[in-house]
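Just below is one structure, and these are the notes that go with it.
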Amino acid sequence: MQIRDYLKDKSTIDISDITEAWNWLIPEKSEILLVTCFGDLFLADHVGTIYWLDTSIGSLTNVAGDLDEFETKLNNADNFDNWFLVELFSELKAADIEICENEIYSYKTLPLFGGKYIIENIAPTNISVHFHLTGQICEQTKDLPDGTNIKIKVGE
């Protein structure tokens with residue numbers, strides 16, 4: 001497989017829509033470089049530093065000082081496996097769990113809350129819904145101490 005197999009086509013995505021709920025964490029004037037099939041983002045800030053937005057746990061990690069370093073790190077198998085969840089992706093493909101153009105693989109229970117990186121915890125989800133829901137949840141829980149009990153109500 002090639003990197004494009006693990007990515008969504010940016011040209012078909014409303015980037016301002018999917019980043020709206022993450023503006024609290026994404027640096028201003030950032031450019032989205034990659035959107036993964038698991039609903040994560042790789043972005044460059046205004047000086048060219050590359051970050052990985054992991055929507056499953058609500059973290060923004062500096063992964064490279066510039067695009068050249070990022071491309072080098074992409075060629076490292078451990079980085080690639082970690083960033084693109086290669087094993088889980090392969091299991092989903094083998095189980096014929098496919099996603100449409102406007103979907104990503106999302107978590108039924110976010111790893112932030114103890115959800116596992118396993119097929120049974122994955123569901124094809126509308127890309128906009130994924131980013132809005134995870135962004136709001138992560139923002140609302142970011143300052144809570146570990147172990148805090150959380151009740152999520154889905155309503156009007």
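For the structure tokens, the naming scheme is as follows: chains receive sequential letters (A, B, ...) according to their order of presentation, residues are indexed from 1 within each chain, and ligands are indexed from 1 in presentation order.
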Find the nearest atom pair between each residue of segment 109-129 of chain A and segment 36-52 of chain A for residues within 12 Å, count only C-alpha atoms, give distances in Å to one decimal, sort rows by chain and ascending number, and present the table as a Markdown table.
| residue | atom | partner | partner_atom | distance |
| --- | --- | --- | --- | --- |
| A:Leu110 | CA | A:Phe38 | CA | 11.7 |
| A:Tyr117 | CA | A:Phe38 | CA | 10.8 |
| A:Ile122 | CA | A:Phe38 | CA | 9.3 |
| A:Ala123 | CA | A:Phe38 | CA | 10.1 |
| A:Pro124 | CA | A:Phe38 | CA | 9.3 |
| A:Thr125 | CA | A:Gly39 | CA | 9.5 |
| A:Asn126 | CA | A:Gly39 | CA | 9.9 |
| A:Ile127 | CA | A:Gly39 | CA | 7.1 |
| A:Ser128 | CA | A:Gly39 | CA | 9.6 |
| A:Val129 | CA | A:Gly39 | CA | 10.4 |
Same residues, N, CA and C atoms, saved as a PDB file, in the first residue's frame:
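And here is the file that came out, out04.pdb:
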ATOM      1  N   LEU A 110     -13.998   6.763  22.159  1.00  0.00           N
ATOM      2  CA  LEU A 110     -12.693   7.372  21.902  1.00  0.00           C
ATOM      3  C   LEU A 110     -11.612   6.748  22.783  1.00  0.00           C
ATOM      4  N   TYR A 117      -8.088   0.340  20.097  1.00  0.00           N
ATOM      5  CA  TYR A 117      -7.793   0.425  18.664  1.00  0.00           C
ATOM      6  C   TYR A 117      -8.041  -0.952  18.048  1.00  0.00           C
ATOM      7  N   ILE A 122     -14.660   0.485  15.887  1.00  0.00           N
ATOM      8  CA  ILE A 122     -14.594   1.379  14.726  1.00  0.00           C
ATOM      9  C   ILE A 122     -15.920   1.367  13.972  1.00  0.00           C
ATOM     10  N   ALA A 123     -16.329   2.543  13.509  1.00  0.00           N
ATOM     11  CA  ALA A 123     -17.521   2.653  12.667  1.00  0.00           C
ATOM     12  C   ALA A 123     -17.268   3.698  11.585  1.00  0.00           C
ATOM     13  N   PRO A 124     -17.630   3.399  10.336  1.00  0.00           N
ATOM     14  CA  PRO A 124     -17.574   4.427   9.303  1.00  0.00           C
ATOM     15  C   PRO A 124     -18.487   5.590   9.717  1.00  0.00           C
ATOM     16  N   THR A 125     -17.954   6.802   9.656  1.00  0.00           N
ATOM     17  CA  THR A 125     -18.659   7.974  10.166  1.00  0.00           C
ATOM     18  C   THR A 125     -18.471   9.142   9.204  1.00  0.00           C
ATOM     19  N   ASN A 126     -19.510   9.948   9.054  1.00  0.00           N
ATOM     20  CA  ASN A 126     -19.409  11.155   8.244  1.00  0.00           C
ATOM     21  C   ASN A 126     -18.246  12.000   8.759  1.00  0.00           C
ATOM     22  N   ILE A 127     -17.424  12.477   7.845  1.00  0.00           N
ATOM     23  CA  ILE A 127     -16.204  13.185   8.231  1.00  0.00           C
ATOM     24  C   ILE A 127     -16.494  14.450   9.036  1.00  0.00           C
ATOM     25  N   SER A 128     -17.519  15.196   8.650  1.00  0.00           N
ATOM     26  CA  SER A 128     -17.869  16.413   9.373  1.00  0.00           C
ATOM     27  C   SER A 128     -18.346  16.086  10.787  1.00  0.00           C
ATOM     28  N   VAL A 129     -19.187  15.075  10.910  1.00  0.00           N
ATOM     29  CA  VAL A 129     -19.684  14.658  12.225  1.00  0.00           C
ATOM     30  C   VAL A 129     -18.515  14.243  13.120  1.00  0.00           C
TER      31      VAL A 129
END
Within chain A, find each residue whose DSSP state, derived from the backbone, is helix (DSSP H, G or I), and express the selection as a PyMOL selection string.
-> chain A and resi 3-6+10-12+15-20+67-74+77-84+86-94+111-113+119-121+127-141
Which is closest to Ile13 of chain A among A:Ile97, A:Gly135, A:Val35, A:Ser59, if we use only C-alpha atoms?
->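 Looking only at the distances to Ile13 of chain A, the closest residue turns out to be A:Val35.
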For Asp9 of chain A, which of A:Asp81, A:Gly58, A:Glu28, A:Cys100 is the closest residue, counting only C-alpha atoms?
->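 Ranking A:Asp81, A:Gly58, A:Glu28, A:Cys100 by distance to Asp9 of chain A, first place goes to A:Cys100.
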